Amino acid sequence: METDPVDKTPFPPGMVILVGAGPGDPELLTLGALKALQSADVVVLDALVSPEIIEMIPTQTEKIEAGKRGGGHHSAKQEDICNLLVKLAKENRRVVRLKGGDPFVFGRGGEEACRLVEENIPFRVIPGLTSGTAGPAYAGIPVTHRSVNANFAFITGHESPANTSGLTEDDSHPSRIDWEGVARTFPVIVLYMAMRNVDSVRKRMLAAGRSPDTPVALIRWATTPRQQTLITNLDRVSEDIKAVGMKPPAIMVIGKVVNFREVLKWFPDETLIPPPQ
Ligand code: SAH
């Protein structure tokens with residue numbers, strides 16, 4: 001891509017740009033993201049960036065994988081990633097930190113940006129399409145629909161252990177999330193990092209009075225040729241996930257908007273997972 005003579009978004013050496021790669025489909029990259037990827041000297045990759053997007057990084061550009069999937073000891077690892085970004089910037093390179101979805105939505109982009117500020121390293125943020133809206137859209141599910149909801153919640157199904165009170169599989173720790181309040185307040189809930197604690201979320205929703213037949217969608221590898229969608233309900237979600245062997249990364253949508261998929265399903269590449277009988 002040619003450089004704009006009046007470039008409003010310069011990328012000088014020594015700068016770090018936190019770039020959202022979107023959920024996977026390269027068509028969903030922003031122009032800013034594409035431009036940053038094409039001018040970077042080094043791209044520090046998050047684990048969730050799709051292979052289709054990684055292929056778009058020029059071959060001569062150095063690529064460093066730094067990211068982690070599925071939880072665990074984030075804090076130590078996150079510190080290493082921050083150190084790496086600082087080191088590369090201090091080597092006077094143009095650094096792109098490429099993250100799945102939007103860097104500031106459950107992406108720890110804020111932590112990385114805070115560290116850059118501490119080190120006086122110039123930075124910019126290029127937001128990306130977040131999987132919590134783009135994923136459902138590719139499954140034919142609008143996260144809001146006038147007849148259903150006037151709000152929706154974005155929630156993580158996996159709170160960081162660093163928060164001291166993460167929701168654990170056996171429910172032995174309290175959560176910072178008021179699940180009962182959420183269940184009562186939000187007709188539509190979009191859950192990131194959904195797989196690990198599905199059953200716990202399910203139980204809390206039911207305990208808070210949500211109907212067992214509340215529709216639920218799980219969308220894995222949304223917007224890519226590997227997209228899989230499971231349609232189920234609150235009652236059956238855990239057993240259906242087991243039955244079809246669905247794995248992360250997946251977005252979970254809870255609420256009646258899921259029913260619109262019946263008429264709005266449009267994405268041709270999808271591998272359909274039928275709900276088991
Ligand atoms: N910053 C990202 C979210 C990172 S948290 C964003 O804005 O999308 C990681 C979680 O995001 C995964 O566990 C999964 O729930 C979700 N996710 C990211 N990309 C996804 C995709 N292509 N399909 C389904 N879920 C995805």
# chains A, B, ... in the order shown; residues from 1 in each chain; ligands from 1

$ select_by_dssp --residues "region 76-234 of chain A" --states "strand (DSSP E or B)" --output "MDAnalysis selection string"
chainID A and resid 95:99 101 123:126 152:156 188:192 215:220 228:233

$ residues_around --residues "Phe11 (chain A)" --least-positions-apart "4" --cutoff "10 Å" --atoms "only C-alpha atoms" --output "count of residues only"
15

$ closest_residue --among "A:Leu84, A:Leu34, A:Val188, A:Val49" --to "Thr144 (chain A)" --atoms "only C-alpha atoms"
A:Val188

$ closest_atom_pairs --of "chain A" --to "ligand 1" --cutoff "8 Å" --atoms "only C-alpha atoms and all ligand atoms" --output "tab-separated table"
residue	atom	partner	partner_atom_place_in_ligand_line	distance
A:Gly20	CA	ligand 1	1 (N)	7.4
A:Gly22	CA	ligand 1	8 (O)	6.6
A:Pro23	CA	ligand 1	22 (N)	4.2
A:Gly24	CA	ligand 1	22 (N)	5.2
A:Leu48	CA	ligand 1	19 (N)	6.2
A:Val49	CA	ligand 1	19 (N)	7.7
A:Ser50	CA	ligand 1	22 (N)	7.5
A:Arg69	CA	ligand 1	13 (O)	7.5
A:Gly70	CA	ligand 1	13 (O)	6.8
A:Lys99	CA	ligand 1	1 (N)	6.5
A:Gly100	CA	ligand 1	2 (C)	5.0
A:Gly101	CA	ligand 1	6 (C)	3.4
A:Asp102	CA	ligand 1	7 (O)	3.7
A:Pro103	CA	ligand 1	1 (N)	5.0
A:Phe104	CA	ligand 1	1 (N)	6.4
A:Val105	CA	ligand 1	7 (O)	4.6
A:Phe106	CA	ligand 1	5 (S)	4.9
A:Gly107	CA	ligand 1	1 (N)	4.1
A:Arg108	CA	ligand 1	1 (N)	7.9
A:Gly128	CA	ligand 1	7 (O)	7.0
A:Leu129	CA	ligand 1	7 (O)	6.6
A:Thr130	CA	ligand 1	7 (O)	3.6
A:Ser131	CA	ligand 1	8 (O)	3.7
A:Gly132	CA	ligand 1	8 (O)	6.0
A:Gly135	CA	ligand 1	23 (N)	5.9
A:Thr156	CA	ligand 1	5 (S)	7.7
A:Leu191	CA	ligand 1	15 (O)	6.7
A:Tyr192	CA	ligand 1	15 (O)	3.6
A:Met193	CA	ligand 1	13 (O)	3.2
A:Ala194	CA	ligand 1	15 (O)	5.5
A:Met195	CA	ligand 1	13 (O)	7.5
A:Ile219	CA	ligand 1	24 (C)	5.5
A:Arg220	CA	ligand 1	24 (C)	4.4
A:Trp221	CA	ligand 1	23 (N)	3.6
A:Ala222	CA	ligand 1	23 (N)	3.6
A:Thr223	CA	ligand 1	22 (N)	5.9
A:Thr224	CA	ligand 1	22 (N)	6.8
A:Gln227	CA	ligand 1	23 (N)	7.2
A:Pro248	CA	ligand 1	13 (O)	6.0
A:Pro249	CA	ligand 1	14 (C)	4.3
A:Ala250	CA	ligand 1	25 (N)	3.7
A:Ile251	CA	ligand 1	15 (O)	4.3
A:Met252	CA	ligand 1	15 (O)	7.3

$ closest_residue --among "A:Lys203, A:Lys242, A:Arg196, A:Lys87" --to "Glu159 (chain A)" --atoms "only C-alpha atoms"
A:Arg196

$ closest_residue --among "A:Gly245, A:Gly109, A:Gly67, A:Pro225" --to "Ala47 (chain A)" --atoms "only C-alpha atoms"
A:Gly67

$ closest_atom_pairs --of "region 140-231 of chain A" --to "region 262-274 of chain A" --cutoff "8 Å" --atoms "only C-alpha atoms" --output "Markdown table"
| residue | atom | partner | partner_atom | distance |
| --- | --- | --- | --- | --- |
| A:Gly140 | CA | A:Lys265 | CA | 4.2 |
| A:Ile141 | CA | A:Leu264 | CA | 7.0 |
| A:Thr224 | CA | A:Asp269 | CA | 7.6 |
| A:Pro225 | CA | A:Asp269 | CA | 5.3 |
| A:Arg226 | CA | A:Glu270 | CA | 6.8 |
| A:Gln227 | CA | A:Glu270 | CA | 5.1 |
| A:Gln228 | CA | A:Thr271 | CA | 5.0 |
| A:Thr229 | CA | A:Ile273 | CA | 5.8 |
| A:Leu230 | CA | A:Ile273 | CA | 5.3 |
| A:Ile231 | CA | A:Pro274 | CA | 7.2 |

$ write_last_selection --atoms "C-alpha atoms" --output "PDB file, in the first residue's frame"
ATOM      1  CA  GLY A 140     -26.467 -15.109  11.788  1.00  0.00           C
ATOM      2  CA  ILE A 141     -27.064 -13.742  15.294  1.00  0.00           C
ATOM      3  CA  THR A 224     -12.851 -18.329   9.556  1.00  0.00           C
ATOM      4  CA  PRO A 225     -13.317 -21.383   7.339  1.00  0.00           C
ATOM      5  CA  ARG A 226     -13.120 -23.382  10.577  1.00  0.00           C
ATOM      6  CA  GLN A 227     -16.195 -21.731  12.053  1.00  0.00           C
ATOM      7  CA  GLN A 228     -18.442 -24.146  13.934  1.00  0.00           C
ATOM      8  CA  THR A 229     -21.732 -23.217  15.544  1.00  0.00           C
ATOM      9  CA  LEU A 230     -23.593 -25.197  18.145  1.00  0.00           C
ATOM     10  CA  ILE A 231     -27.165 -24.193  18.914  1.00  0.00           C
TER      11      ILE A 231
END

$ select_by_dssp --residues "region 81-153 of chain A" --states "helix (DSSP H, G or I)" --output "list of chain:residue names"
A:Ile81, A:Cys82, A:Asn83, A:Leu84, A:Leu85, A:Val86, A:Lys87, A:Leu88, A:Ala89, A:Lys90, A:Gly109, A:Gly110, A:Glu111, A:Glu112, A:Ala113, A:Cys114, A:Arg115, A:Leu116, A:Val117, A:Glu118, A:Ser131, A:Gly132, A:Thr133, A:Ala134, A:Gly135, A:Pro136, A:Ala137, A:Tyr138

$ write_last_selection --atoms "N, CA, C and O atoms" --output "mmCIF file, in the first residue's frame"
data_model
loop_
_atom_site.group_PDB
_atom_site.id
_atom_site.type_symbol
_atom_site.label_atom_id
_atom_site.label_comp_id
_atom_site.auth_asym_id
_atom_site.auth_seq_id
_atom_site.Cartn_x
_atom_site.Cartn_y
_atom_site.Cartn_z
ATOM 1 N N ILE A 81 5.885 -10.497 28.040
ATOM 2 C CA ILE A 81 5.440 -9.869 26.792
ATOM 3 C C ILE A 81 5.682 -8.357 26.856
ATOM 4 O O ILE A 81 6.192 -7.760 25.908
ATOM 5 N N CYS A 82 5.356 -7.765 27.991
ATOM 6 C CA CYS A 82 5.593 -6.327 28.153
ATOM 7 C C CYS A 82 7.083 -6.015 28.017
ATOM 8 O O CYS A 82 7.465 -5.068 27.333
ATOM 9 N N ASN A 83 7.903 -6.853 28.650
ATOM 10 C CA ASN A 83 9.354 -6.634 28.564
ATOM 11 C C ASN A 83 9.832 -6.704 27.125
ATOM 12 O O ASN A 83 10.678 -5.918 26.692
ATOM 13 N N LEU A 84 9.269 -7.661 26.382
ATOM 14 C CA LEU A 84 9.661 -7.833 24.988
ATOM 15 C C LEU A 84 9.294 -6.589 24.169
ATOM 16 O O LEU A 84 10.107 -6.083 23.383
ATOM 17 N N LEU A 85 8.087 -6.077 24.373
ATOM 18 C CA LEU A 85 7.664 -4.883 23.618
ATOM 19 C C LEU A 85 8.579 -3.701 23.928
ATOM 20 O O LEU A 85 9.006 -2.972 23.032
ATOM 21 N N VAL A 86 8.920 -3.554 25.203
ATOM 22 C CA VAL A 86 9.797 -2.456 25.623
ATOM 23 C C VAL A 86 11.166 -2.617 24.971
ATOM 24 O O VAL A 86 11.730 -1.666 24.407
ATOM 25 N N LYS A 87 11.686 -3.838 24.998
ATOM 26 C CA LYS A 87 13.016 -4.099 24.434
ATOM 27 C C LYS A 87 13.037 -3.773 22.934
ATOM 28 O O LYS A 87 13.932 -3.064 22.456
ATOM 29 N N LEU A 88 12.038 -4.255 22.222
ATOM 30 C CA LEU A 88 12.009 -4.041 20.764
ATOM 31 C C LEU A 88 11.889 -2.553 20.433
ATOM 32 O O LEU A 88 12.551 -2.055 19.517
ATOM 33 N N ALA A 89 11.064 -1.847 21.195
ATOM 34 C CA ALA A 89 10.893 -0.402 20.943
ATOM 35 C C ALA A 89 12.199 0.329 21.225
ATOM 36 O O ALA A 89 12.588 1.234 20.482
ATOM 37 N N LYS A 90 12.888 -0.092 22.285
ATOM 38 C CA LYS A 90 14.153 0.574 22.633
ATOM 39 C C LYS A 90 15.254 0.262 21.623
ATOM 40 O O LYS A 90 16.255 0.966 21.568
ATOM 41 N N GLY A 109 -4.613 -5.503 26.416
ATOM 42 C CA GLY A 109 -3.964 -4.410 25.694
ATOM 43 C C GLY A 109 -3.705 -3.221 26.611
ATOM 44 O O GLY A 109 -2.687 -2.541 26.495
ATOM 45 N N GLY A 110 -4.614 -3.000 27.534
ATOM 46 C CA GLY A 110 -4.458 -1.888 28.470
ATOM 47 C C GLY A 110 -3.225 -2.056 29.340
ATOM 48 O O GLY A 110 -2.498 -1.101 29.607
ATOM 49 N N GLU A 111 -2.979 -3.306 29.757
ATOM 50 C CA GLU A 111 -1.799 -3.556 30.594
ATOM 51 C C GLU A 111 -0.522 -3.260 29.820
ATOM 52 O O GLU A 111 0.430 -2.669 30.341
ATOM 53 N N GLU A 112 -0.511 -3.663 28.553
ATOM 54 C CA GLU A 112 0.678 -3.432 27.732
ATOM 55 C C GLU A 112 0.864 -1.936 27.487
ATOM 56 O O GLU A 112 1.974 -1.408 27.578
ATOM 57 N N ALA A 113 -0.248 -1.238 27.222
ATOM 58 C CA ALA A 113 -0.163 0.204 26.979
ATOM 59 C C ALA A 113 0.329 0.941 28.230
ATOM 60 O O ALA A 113 1.164 1.850 28.134
ATOM 61 N N CYS A 114 -0.148 0.522 29.407
ATOM 62 C CA CYS A 114 0.294 1.172 30.655
ATOM 63 C C CYS A 114 1.806 1.029 30.820
ATOM 64 O O CYS A 114 2.501 1.963 31.224
ATOM 65 N N ARG A 115 2.299 -0.152 30.491
ATOM 66 C CA ARG A 115 3.741 -0.395 30.626
ATOM 67 C C ARG A 115 4.534 0.491 29.655
ATOM 68 O O ARG A 115 5.575 1.049 30.012
ATOM 69 N N LEU A 116 4.000 0.662 28.445
ATOM 70 C CA LEU A 116 4.681 1.510 27.459
ATOM 71 C C LEU A 116 4.727 2.956 27.954
ATOM 72 O O LEU A 116 5.742 3.643 27.822
ATOM 73 N N VAL A 117 3.622 3.395 28.558
ATOM 74 C CA VAL A 117 3.585 4.757 29.102
ATOM 75 C C VAL A 117 4.656 4.911 30.196
ATOM 76 O O VAL A 117 5.405 5.876 30.217
ATOM 77 N N GLU A 118 4.735 3.912 31.070
ATOM 78 C CA GLU A 118 5.740 3.953 32.154
ATOM 79 C C GLU A 118 7.153 4.107 31.598
ATOM 80 O O GLU A 118 8.009 4.719 32.203
ATOM 81 N N SER A 131 -14.593 -10.285 18.664
ATOM 82 C CA SER A 131 -15.260 -11.548 18.335
ATOM 83 C C SER A 131 -16.655 -11.637 18.961
ATOM 84 O O SER A 131 -17.499 -12.377 18.477
ATOM 85 N N GLY A 132 -16.897 -10.864 20.010
ATOM 86 C CA GLY A 132 -18.188 -10.922 20.701
ATOM 87 C C GLY A 132 -19.346 -10.374 19.890
ATOM 88 O O GLY A 132 -20.508 -10.707 20.159
ATOM 89 N N THR A 133 -19.064 -9.539 18.909
ATOM 90 C CA THR A 133 -20.140 -9.088 18.012
ATOM 91 C C THR A 133 -19.960 -9.680 16.617
ATOM 92 O O THR A 133 -20.930 -10.103 15.988
ATOM 93 N N ALA A 134 -18.703 -9.709 16.133
ATOM 94 C CA ALA A 134 -18.475 -10.208 14.771
ATOM 95 C C ALA A 134 -18.736 -11.715 14.680
ATOM 96 O O ALA A 134 -19.254 -12.202 13.675
ATOM 97 N N GLY A 135 -18.383 -12.444 15.751
ATOM 98 C CA GLY A 135 -18.598 -13.897 15.751
ATOM 99 C C GLY A 135 -20.080 -14.234 15.614
ATOM 100 O O GLY A 135 -20.478 -14.945 14.686
ATOM 101 N N PRO A 136 -20.914 -13.708 16.527
ATOM 102 C CA PRO A 136 -22.351 -13.939 16.377
ATOM 103 C C PRO A 136 -22.870 -13.480 15.003
ATOM 104 O O PRO A 136 -23.693 -14.168 14.391
ATOM 105 N N ALA A 137 -22.374 -12.352 14.495
ATOM 106 C CA ALA A 137 -22.851 -11.862 13.184
ATOM 107 C C ALA A 137 -22.596 -12.912 12.098
ATOM 108 O O ALA A 137 -23.452 -13.149 11.247
ATOM 109 N N TYR A 138 -21.427 -13.556 12.146
ATOM 110 C CA TYR A 138 -21.118 -14.593 11.150
ATOM 111 C C TYR A 138 -21.914 -15.876 11.383
ATOM 112 O O TYR A 138 -21.930 -16.756 10.531
#

$ atom_distance --atom1 "CA of Thr61 (chain A)" --atom2 "CA of Val44 (chain A)"
10.5 Å

$ residues_around --residues "Asp235 (chain A)" --least-positions-apart "6" --cutoff "9 Å" --atoms "only C-alpha atoms" --output "mmCIF file with N, CA, C and O atoms, in the first residue's frame"
data_model
loop_
_atom_site.group_PDB
_atom_site.id
_atom_site.type_symbol
_atom_site.label_atom_id
_atom_site.label_comp_id
_atom_site.auth_asym_id
_atom_site.auth_seq_id
_atom_site.Cartn_x
_atom_site.Cartn_y
_atom_site.Cartn_z
ATOM 1 N N ARG A 202 -23.923 -21.723 33.491
ATOM 2 C CA ARG A 202 -25.245 -22.317 33.273
ATOM 3 C C ARG A 202 -26.033 -22.422 34.585
ATOM 4 O O ARG A 202 -27.169 -21.971 34.701
ATOM 5 N N LYS A 203 -25.359 -22.975 35.604
ATOM 6 C CA LYS A 203 -26.031 -23.160 36.893
ATOM 7 C C LYS A 203 -26.436 -21.825 37.503
ATOM 8 O O LYS A 203 -27.510 -21.683 38.081
ATOM 9 N N LEU A 206 -29.471 -20.386 35.704
ATOM 10 C CA LEU A 206 -30.696 -21.104 36.073
ATOM 11 C C LEU A 206 -31.109 -20.734 37.493
ATOM 12 O O LEU A 206 -32.289 -20.477 37.756
ATOM 13 N N SER A 211 -34.805 -19.164 32.199
ATOM 14 C CA SER A 211 -35.499 -20.390 31.808
ATOM 15 C C SER A 211 -34.520 -21.405 31.208
ATOM 16 O O SER A 211 -33.610 -21.038 30.467
ATOM 17 N N PRO A 212 -34.699 -22.685 31.531
ATOM 18 C CA PRO A 212 -33.811 -23.713 30.963
ATOM 19 C C PRO A 212 -33.862 -23.748 29.435
ATOM 20 O O PRO A 212 -32.909 -24.178 28.808
ATOM 21 N N ASP A 213 -34.958 -23.275 28.846
ATOM 22 C CA ASP A 213 -34.999 -23.305 27.380
ATOM 23 C C ASP A 213 -34.486 -22.018 26.733
ATOM 24 O O ASP A 213 -34.615 -21.814 25.523
ATOM 25 N N THR A 214 -33.825 -21.155 27.514
ATOM 26 C CA THR A 214 -33.178 -19.971 26.936
ATOM 27 C C THR A 214 -32.194 -20.413 25.845
ATOM 28 O O THR A 214 -31.321 -21.246 26.101
#

$ atom_distance --atom1 "CA of Val190 (chain A)" --atom2 "CA of Phe260 (chain A)"
15.3 Å

$ residues_around --residues "Thr185 (chain A)" --least-positions-apart "2" --cutoff "12 Å" --atoms "only C-alpha atoms" --output "PyMOL selection string"
chain A and resi 149-153+178-183+187-189+205+208-210+255

$ closest_residue --among "A:Ser175, A:Ser238, A:Asn92, A:Ser200" --to "Gly14 (chain A)" --atoms "only C-alpha atoms"
A:Asn92

$ closest_residue --among "A:Ile57, A:Ala33, A:Val201, A:Leu218" --to "His158 (chain A)" --atoms "only C-alpha atoms"
A:Val201

$ atom_distance --atom1 "CA of Glu62 (chain A)" --atom2 "CA of Val43 (chain A)"
6.3 Å

$ decode --residues "region 235-247 of chain A" --atoms "all heavy atoms" --output "PDB file, in the first residue's frame"
ATOM      1  N   ASP A 235     -30.377 -25.450  29.462  1.00  0.00           N
ATOM      2  CA  ASP A 235     -30.514 -26.734  30.108  1.00  0.00           C
ATOM      3  C   ASP A 235     -29.455 -27.732  29.607  1.00  0.00           C
ATOM      4  O   ASP A 235     -28.806 -28.414  30.379  1.00  0.00           O
ATOM      5  CB  ASP A 235     -31.929 -27.262  29.804  1.00  0.00           C
ATOM      6  CG  ASP A 235     -32.285 -28.444  30.660  1.00  0.00           C
ATOM      7  OD1 ASP A 235     -31.814 -28.486  31.814  1.00  0.00           O
ATOM      8  OD2 ASP A 235     -33.030 -29.317  30.176  1.00  0.00           O
ATOM      9  N   ARG A 236     -29.267 -27.748  28.298  1.00  0.00           N
ATOM     10  CA  ARG A 236     -28.468 -28.815  27.695  1.00  0.00           C
ATOM     11  C   ARG A 236     -27.040 -28.419  27.334  1.00  0.00           C
ATOM     12  O   ARG A 236     -26.276 -29.244  26.845  1.00  0.00           O
ATOM     13  CB  ARG A 236     -29.141 -29.285  26.385  1.00  0.00           C
ATOM     14  CG  ARG A 236     -30.512 -29.925  26.520  1.00  0.00           C
ATOM     15  CD  ARG A 236     -30.819 -30.666  25.226  1.00  0.00           C
ATOM     16  NE  ARG A 236     -30.316 -29.927  24.054  1.00  0.00           N
ATOM     17  CZ  ARG A 236     -31.097 -29.262  23.198  1.00  0.00           C
ATOM     18  NH1 ARG A 236     -32.393 -29.226  23.361  1.00  0.00           N
ATOM     19  NH2 ARG A 236     -30.559 -28.629  22.170  1.00  0.00           N
ATOM     20  N   VAL A 237     -26.696 -27.137  27.520  1.00  0.00           N
ATOM     21  CA  VAL A 237     -25.461 -26.648  26.909  1.00  0.00           C
ATOM     22  C   VAL A 237     -24.229 -27.488  27.255  1.00  0.00           C
ATOM     23  O   VAL A 237     -23.445 -27.852  26.373  1.00  0.00           O
ATOM     24  CB  VAL A 237     -25.243 -25.128  27.180  1.00  0.00           C
ATOM     25  CG1 VAL A 237     -25.178 -24.801  28.643  1.00  0.00           C
ATOM     26  CG2 VAL A 237     -24.006 -24.625  26.466  1.00  0.00           C
ATOM     27  N   SER A 238     -24.086 -27.861  28.531  1.00  0.00           N
ATOM     28  CA  SER A 238     -22.861 -28.563  28.924  1.00  0.00           C
ATOM     29  C   SER A 238     -22.778 -29.935  28.265  1.00  0.00           C
ATOM     30  O   SER A 238     -21.743 -30.315  27.714  1.00  0.00           O
ATOM     31  CB  SER A 238     -22.788 -28.717  30.440  1.00  0.00           C
ATOM     32  OG  SER A 238     -22.848 -27.449  31.035  1.00  0.00           O
ATOM     33  N   GLU A 239     -23.897 -30.667  28.307  1.00  0.00           N
ATOM     34  CA  GLU A 239     -23.861 -32.011  27.696  1.00  0.00           C
ATOM     35  C   GLU A 239     -23.706 -31.939  26.184  1.00  0.00           C
ATOM     36  O   GLU A 239     -23.019 -32.774  25.586  1.00  0.00           O
ATOM     37  CB  GLU A 239     -25.082 -32.851  28.094  1.00  0.00           C
ATOM     38  CG  GLU A 239     -26.371 -32.101  28.059  1.00  0.00           C
ATOM     39  CD  GLU A 239     -27.546 -32.847  28.703  1.00  0.00           C
ATOM     40  OE1 GLU A 239     -27.912 -33.898  28.177  1.00  0.00           O
ATOM     41  OE2 GLU A 239     -28.084 -32.339  29.705  1.00  0.00           O
ATOM     42  N   ASP A 240     -24.318 -30.922  25.553  1.00  0.00           N
ATOM     43  CA  ASP A 240     -24.186 -30.801  24.098  1.00  0.00           C
ATOM     44  C   ASP A 240     -22.745 -30.473  23.691  1.00  0.00           C
ATOM     45  O   ASP A 240     -22.249 -30.963  22.677  1.00  0.00           O
ATOM     46  CB  ASP A 240     -25.144 -29.738  23.554  1.00  0.00           C
ATOM     47  CG  ASP A 240     -26.589 -30.259  23.471  1.00  0.00           C
ATOM     48  OD1 ASP A 240     -26.808 -31.433  23.836  1.00  0.00           O
ATOM     49  OD2 ASP A 240     -27.472 -29.492  23.058  1.00  0.00           O
ATOM     50  N   ILE A 241     -22.081 -29.657  24.480  1.00  0.00           N
ATOM     51  CA  ILE A 241     -20.675 -29.339  24.184  1.00  0.00           C
ATOM     52  C   ILE A 241     -19.849 -30.622  24.234  1.00  0.00           C
ATOM     53  O   ILE A 241     -19.037 -30.900  23.346  1.00  0.00           O
ATOM     54  CB  ILE A 241     -20.117 -28.296  25.184  1.00  0.00           C
ATOM     55  CG1 ILE A 241     -20.694 -26.920  24.865  1.00  0.00           C
ATOM     56  CG2 ILE A 241     -18.593 -28.260  25.153  1.00  0.00           C
ATOM     57  CD1 ILE A 241     -20.346 -25.858  25.867  1.00  0.00           C
ATOM     58  N   LYS A 242     -20.079 -31.408  25.262  1.00  0.00           N
ATOM     59  CA  LYS A 242     -19.358 -32.688  25.393  1.00  0.00           C
ATOM     60  C   LYS A 242     -19.685 -33.593  24.215  1.00  0.00           C
ATOM     61  O   LYS A 242     -18.793 -34.195  23.606  1.00  0.00           O
ATOM     62  CB  LYS A 242     -19.760 -33.393  26.686  1.00  0.00           C
ATOM     63  CG  LYS A 242     -18.959 -32.940  27.862  1.00  0.00           C
ATOM     64  CD  LYS A 242     -18.922 -34.022  28.967  1.00  0.00           C
ATOM     65  CE  LYS A 242     -18.520 -33.397  30.293  1.00  0.00           C
ATOM     66  NZ  LYS A 242     -19.670 -32.891  31.081  1.00  0.00           N
ATOM     67  N   ALA A 243     -20.969 -33.672  23.883  1.00  0.00           N
ATOM     68  CA  ALA A 243     -21.402 -34.599  22.830  1.00  0.00           C
ATOM     69  C   ALA A 243     -20.756 -34.279  21.487  1.00  0.00           C
ATOM     70  O   ALA A 243     -20.387 -35.181  20.742  1.00  0.00           O
ATOM     71  CB  ALA A 243     -22.925 -34.574  22.709  1.00  0.00           C
ATOM     72  N   VAL A 244     -20.608 -32.989  21.172  1.00  0.00           N
ATOM     73  CA  VAL A 244     -20.016 -32.657  19.870  1.00  0.00           C
ATOM     74  C   VAL A 244     -18.515 -32.396  19.983  1.00  0.00           C
ATOM     75  O   VAL A 244     -17.845 -32.164  18.985  1.00  0.00           O
ATOM     76  CB  VAL A 244     -20.715 -31.447  19.195  1.00  0.00           C
ATOM     77  CG1 VAL A 244     -22.182 -31.736  18.959  1.00  0.00           C
ATOM     78  CG2 VAL A 244     -20.522 -30.175  19.985  1.00  0.00           C
ATOM     79  N   GLY A 245     -18.000 -32.426  21.203  1.00  0.00           N
ATOM     80  CA  GLY A 245     -16.561 -32.238  21.408  1.00  0.00           C
ATOM     81  C   GLY A 245     -16.075 -30.844  21.049  1.00  0.00           C
ATOM     82  O   GLY A 245     -14.971 -30.664  20.543  1.00  0.00           O
ATOM     83  N   MET A 246     -16.899 -29.847  21.321  1.00  0.00           N
ATOM     84  CA  MET A 246     -16.479 -28.480  20.978  1.00  0.00           C
ATOM     85  C   MET A 246     -15.380 -27.989  21.921  1.00  0.00           C
ATOM     86  O   MET A 246     -15.398 -28.267  23.112  1.00  0.00           O
ATOM     87  CB  MET A 246     -17.663 -27.528  21.024  1.00  0.00           C
ATOM     88  CG  MET A 246     -17.317 -26.200  20.377  1.00  0.00           C
ATOM     89  SD  MET A 246     -18.708 -25.099  20.354  1.00  0.00           S
ATOM     90  CE  MET A 246     -18.835 -24.755  18.619  1.00  0.00           C
ATOM     91  N   LYS A 247     -14.414 -27.271  21.331  1.00  0.00           N
ATOM     92  CA  LYS A 247     -13.260 -26.801  22.107  1.00  0.00           C
ATOM     93  C   LYS A 247     -13.089 -25.292  21.926  1.00  0.00           C
ATOM     94  O   LYS A 247     -13.716 -24.711  21.050  1.00  0.00           O
ATOM     95  CB  LYS A 247     -12.005 -27.505  21.595  1.00  0.00           C
ATOM     96  CG  LYS A 247     -12.058 -29.014  21.723  1.00  0.00           C
ATOM     97  CD  LYS A 247     -10.667 -29.578  21.906  1.00  0.00           C
ATOM     98  CE  LYS A 247     -10.674 -30.957  22.527  1.00  0.00           C
ATOM     99  NZ  LYS A 247     -11.612 -31.891  21.887  1.00  0.00           N
TER     100      LYS A 247
END
